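S.K.: Take this structure first; my questions come after.
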Number of protein chains: 4
Amino acid sequence: MGNERKIRVGMVGYQFMGKAHSHAYRDLPFFFDTGVVPVMAAVSGRNEKAVQAAANQYGFESYETDWRRLIERDDIDVIDIVTPNNVHAEIALAAMEAGKHVICEKPLALTMDQAREMKAAADKAGVVNAVCHNYRFAPAVQYAKQLIESGRLGRIYHIRAQYLQDWIMDPSFPLVWRLRKEVTGSGALGDIGAHIIDLARFLVGEIDELVSEMTTFIKERPLGEMSGGLNASTEGGKMGEVDVDDAVSFLARFQNGAMGVFEASRFAAGNRNGNRFEINGEHGSIRWDLENMNNLHVYFTDDKAGQQGFRTINCTEAEHPYAAAYWPAGHIIGYEHTFIGLFAETFRAIANGTQVKPDFEDGLRDQAVLAAIEASSEAGRWVKVEQA
Amino acid sequence: MGNERKIRVGMVGYQFMGKAHSHAYRDLPFFFDTGVVPVMAAVSGRNEKAVQAAANQYGFESYETDWRRLIERDDIDVIDIVTPNNVHAEIALAAMEAGKHVICEKPLALTMDQAREMKAAADKAGVVNAVCHNYRFAPAVQYAKQLIESGRLGRIYHIRAQYLQDWIMDPSFPLVWRLRKEVTGSGALGDIGAHIIDLARFLVGEIDELVSEMTTFIKERPLGEMSGGLNASTEGGKMGEVDVDDAVSFLARFQNGAMGVFEASRFAAGNRNGNRFEINGEHGSIRWDLENMNNLHVYFTDDKAGQQGFRTINCTEAEHPYAAAYWPAGHIIGYEHTFIGLFAETFRAIANGTQVKPDFEDGLRDQAVLAAIEASSEAGRWVKVEQA
Amino acid sequence: MGNERKIRVGMVGYQFMGKAHSHAYRDLPFFFDTGVVPVMAAVSGRNEKAVQAAANQYGFESYETDWRRLIERDDIDVIDIVTPNNVHAEIALAAMEAGKHVICEKPLALTMDQAREMKAAADKAGVVNAVCHNYRFAPAVQYAKQLIESGRLGRIYHIRAQYLQDWIMDPSFPLVWRLRKEVTGSGALGDIGAHIIDLARFLVGEIDELVSEMTTFIKERPLGEMSGGLNASTEGGKMGEVDVDDAVSFLARFQNGAMGVFEASRFAAGNRNGNRFEINGEHGSIRWDLENMNNLHVYFTDDKAGQQGFRTINCTEAEHPYAAAYWPAGHIIGYEHTFIGLFAETFRAIANGTQVKPDFEDGLRDQAVLAAIEASSEAGRWVKVEQA
Amino acid sequence: MGNERKIRVGMVGYQFMGKAHSHAYRDLPFFFDTGVVPVMAAVSGRNEKAVQAAANQYGFESYETDWRRLIERDDIDVIDIVTPNNVHAEIALAAMEAGKHVICEKPLALTMDQAREMKAAADKAGVVNAVCHNYRFAPAVQYAKQLIESGRLGRIYHIRAQYLQDWIMDPSFPLVWRLRKEVTGSGALGDIGAHIIDLARFLVGEIDELVSEMTTFIKERPLGEMSGGLNASTEGGKMGEVDVDDAVSFLARFQNGAMGVFEASRFAAGNRNGNRFEINGEHGSIRWDLENMNNLHVYFTDDKAGQQGFRTINCTEAEHPYAAAYWPAGHIIGYEHTFIGLFAETFRAIANGTQVKPDFEDGLRDQAVLAAIEASSEAGRWVKVEQA
């Protein structure tokens, strides 16, 4: 932690994701030797008082009130984008143009056009470009990947995945930016659906075609905005139209013949953060649930008859990816470690001059699935992802 | 159990379902006073030796080698049909024509035409007509129904239901009758999909439209047949084409605005009998799983903040439907009780001259959903159930 | 089920246990061919109206108002004792004297003297003598026994077992016979503690010495009695002293070096019927819980590193003891099957002229543990079981 | 995080606990504003190369090879002791003598005499003195405390607690310092038993008397030592006697009448870190398990009949202690946060000139229970804790 090269980070935005990223910068060198060390150089935001407070709380050396200043600064190597989705593209393009490495929250962009442009710019710039599908980096998910890649589950027949939340069920919850299409692009789809799409692509492969349904249960809400974290305040009592989906579901055929059944909803009472999947293969199955993210439930068809059953594997052992860097077996880790793992790979890539996964190519492919879902929902029929 | 009117039953068929029904006849008067008492009068089957053995094992007074004999016999009040699906209609129509009450295994028929004819005949005959969607009668499912009916969960937003099995995953498993379209109509769809469709209709309401996907993973199998229970024997090594679905999934819009996501598969390794659902409503959610069928997991949004969470309710208490008839709280019941509950209602209807639910109307409505799923799978687009 | 020898049963008592036994007689020949068939010949009870109703409901051919009549009757082969504990000995001795086979509810007796006399009489009479530790006969428990017996878990280090209930926590619950020492001998100890003692002996072996603690939380209660099942009615408001334990716990050293930690309580809120154990051995561990009695959770130390975890085995497969007689894999059974399994072994023993386990020897050994627990609780020190 | 007073920490030792403490110092100001900010000033250890590496990895400004140097340094405000147990007392006494605040790993001392001396010195010095029973600071445990303190569970009848591990089951695992009495004092007892004793004291109250059993299953092991983390290396093949307990169990009577059943073992295969308890009160029960540390399972007797069951409460909501400082609801935290919570209270006490709990008084009381357990195990009878 002493002599490694310092990599200086400028972060654009500072709300929930800003907190998660900042914490990961702080903890990364404690757990992993990536060859370089991130330095929290600056954070930017338009509200000076708020961004100053964030810089102070998170531990940034400085702050800016215009993200363009971060890009202009020579002392900054990496631009980390944790803004609402509608400005991802502009910032990322400018950063890459300036030769900065880019870390971008998901979904990559608002539209396929933006995503394609970002991917092209990344190719041209040759910088490290990461998209923050952090759930890939739960050790249990990484271990699932190893099992599948190694053929231990054989041909994959099924994936069923859900990302269920319940934080906007109250009709008096205001029309925050995550519920406005112009800012966020879509509702449950891009916010949480994107995560299970990325996990499915990571674990099962590319989706060939799909058919979808998008629903908005509560059609209008009080105007208002979040004030820090997930708290919200309303404006008078004026109402506004909700133009994004409250819930989305879709059926998918994968290129390798697997079938997928997916659902994302913000109206699933009692599910605070229910990101779950089950994958069934020829030789076994796996189950995972973010709310118990250390456990991977694994079934092997070649277990002895009479002794077959799902095993609850606590993925905190030396054999499990990333786990050895943390704590001894049985000492669980939490949500924040998904970002630490993602950043470990990102900074390793920076140190080694390689590329991280998931990168903007993944962001683009995820975006194509989002676009196909919207197209299918409008058309009422199956849609090829490549056509999106 | 002494002086009640005897109701004499003739059962057509004697395999797995025949065993389950026979057991239920045997146990019914022990647990419930329905006003009448079933008598196991006769069982029929074409193989005399096998049907005689079944009569002996199950406790039937007599047997016949032609089901028409059961219908001719004046001493028989109820015809119970546990045959493969392709002969449900013929037997049921003949039985009702003869004025017998009818209990018919699901799915009701092979085709919508058959199902409509059966429903019309039932209306005309005025007999009790039950279709065996036994899972409605798990006390936990009945309690879920009470919660929903009473408005305790408010408006229903979501149901996600799966029926997952894994008994034919081995490609060398033979082409038994449950895998041949002419005998069974469909594969996972009619066999297990029908159960979750019926549960969804029972708990949430009628489906307006749907879009589906049906898949056959293993396209040909050795010819062969089951020999008792689920054991199977193959014929030489000759192969035959599998013309039914191994797995089916569909998205549904309910008439009341709820969204459904459904999946049935026989290729979900490690899921022996995974009949599961979660329902999310405005004021709470419920979860159920056949493999732990005594438990209902219930979440209420009006629980005190900080004390919210799914409750694991063991539905073996006096407050739970049917449970008082069985054992004290905490003493669980098993699969067989779903039939005992169904038959309790059926024989109560016979005793009282009323009708049982689910009846042939339910069977017809379930069939319409099955038909719509097949139509959507072929058309690749959303299909209205009423058009089926 | 046709030509087998009929074995005629006379049952003394008819409350909760009477119902469970009666049901098992009814179902036994449906599931098992033991070589003989039980016939429910007669039930006895002092209250003629009540015993007549019980005979009718359970399906006995006749009834008696004095148990001695059952013993006098030549047409009765087996005396089944489901009375309160204080009359077990007298009835069993008379029955064996008359050459009847005896099935006796647990605990075997009120005192060690009684238990020794019963064991001696059983040896002399040479009849089949069963004590109803029915939980041995859950297929998951039987499978646990196979794993241990075969050495699959290696040397056993630990057993921790609890039987937790909560049905008398309300201080206004009356002083029913299960709470009066003269009738029942002890409280939680003999009623539910006896079950986990027997399971421990069955699975781990004999206890060498122990140290215990017995507690009565509610010292006096309204006088009153159960009226059918577990319902209770009080008498006026007169109070009586509770002279049995509400809860008991003990530490045990087994003859084979294993350590045991045991607890039985009727004051464990939320535990309706929490009969649970975990056993840790050199090569693995098992966990079981009556409220999910079909599942055995098994851990093997020789599973591959990184893939180690408790497996949830649903013991409903052909490989699991008794399970093949019931339903296909994944179709769970309930509480009542523990008696069906016990009676299957009992009637096989009658058919074959052999002896069933658990028999009066087990009853006596279990009783010695109960006696040692009472002795230790009084003495405040470790007590050898053999001294009891 | 800017202008707060800096509190400079010198840590003695740097193995597993050193890593956990260091991480907590690093993360503390990110999550909590305690009024002061810890600075990782120095770490000490006898092996210069190793301590230098630790300083570098953990982020300490400097290192020393003699802990006495830390105490001499004027720039150090807090001495944090993460050494083996046999040197806790000497270091803590010297530190308090020098007016330093002290944070000491548990168990506080090797003997009651040491513990009493440490408590007296703390009283005299008037410094903040913390003992690291970190598990009190899981939000779910803190919420359990609130429920009990507020009377929500009523009178407490039972606690059953286990701390089960399996890391030394292999007989070839070497005789590391945690297995040598002169260094560690006891085996499972002081290492993990101490944690459940402290949790029981925290949640239920003081223990009046107890009876115990201590066992050593593997009597001799290869000589050797841990080399970083929990890895171990052996010395040739020389064997040494294991003079500490592999497992301990005890029954306890609390001063408030509650009964306790406790067990700690390092021979419970499949239990990597199974720190679990269930508490039963007059009005409800709670269950907790470290391996799923975010969840508290709560049962209330006043829930509506038919709707009673344990709720799984994910203690990540604003209503749960400490949780608001971390992540939004449903985003779980891990093991390391137990130390962050403990240090938040410790540094708040330093900032405010108050005292933290658990302090050396708790450490002394915990030690008295450990001493009573050892005394009872030798005497074979109940022992009063106050006599220890």
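In the structure tokens, chains take letters A, B, ... by order of appearance, with residues numbered from 1 within each chain and ligands from 1 in the order shown.
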Compile the contact shell of D:Lys124 as a list in words: residues with an atom at most 12 Å away, counting only C-alpha atoms, same-chain residues fewer than 3 positions apart removed.
M.R.: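 The residues satisfying every condition are Leu93, Met96, Glu97, Ala98, Gly99, Glu117, Met118, Lys119, Ala120, Ala121, Val127, Val128 and Asn129 of chain D.
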S.K.: Once you count only C-alpha atoms, which residues of chain C turn out to be within 7 Å of chain D? Could you give them as JSON, numbers by chain?
M.R.: {"C": [268, 269, 270, 280, 281, 284, 285, 299, 301, 309, 310, 380, 381, 382]}
S.K.: What gap, in Å, lies between atom CA of B:Ile91 and atom CA of B:Ala42?
M.R.: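 Separating atom CA of B:Ile91 from atom CA of B:Ala42 is a distance of 15.2 Å.
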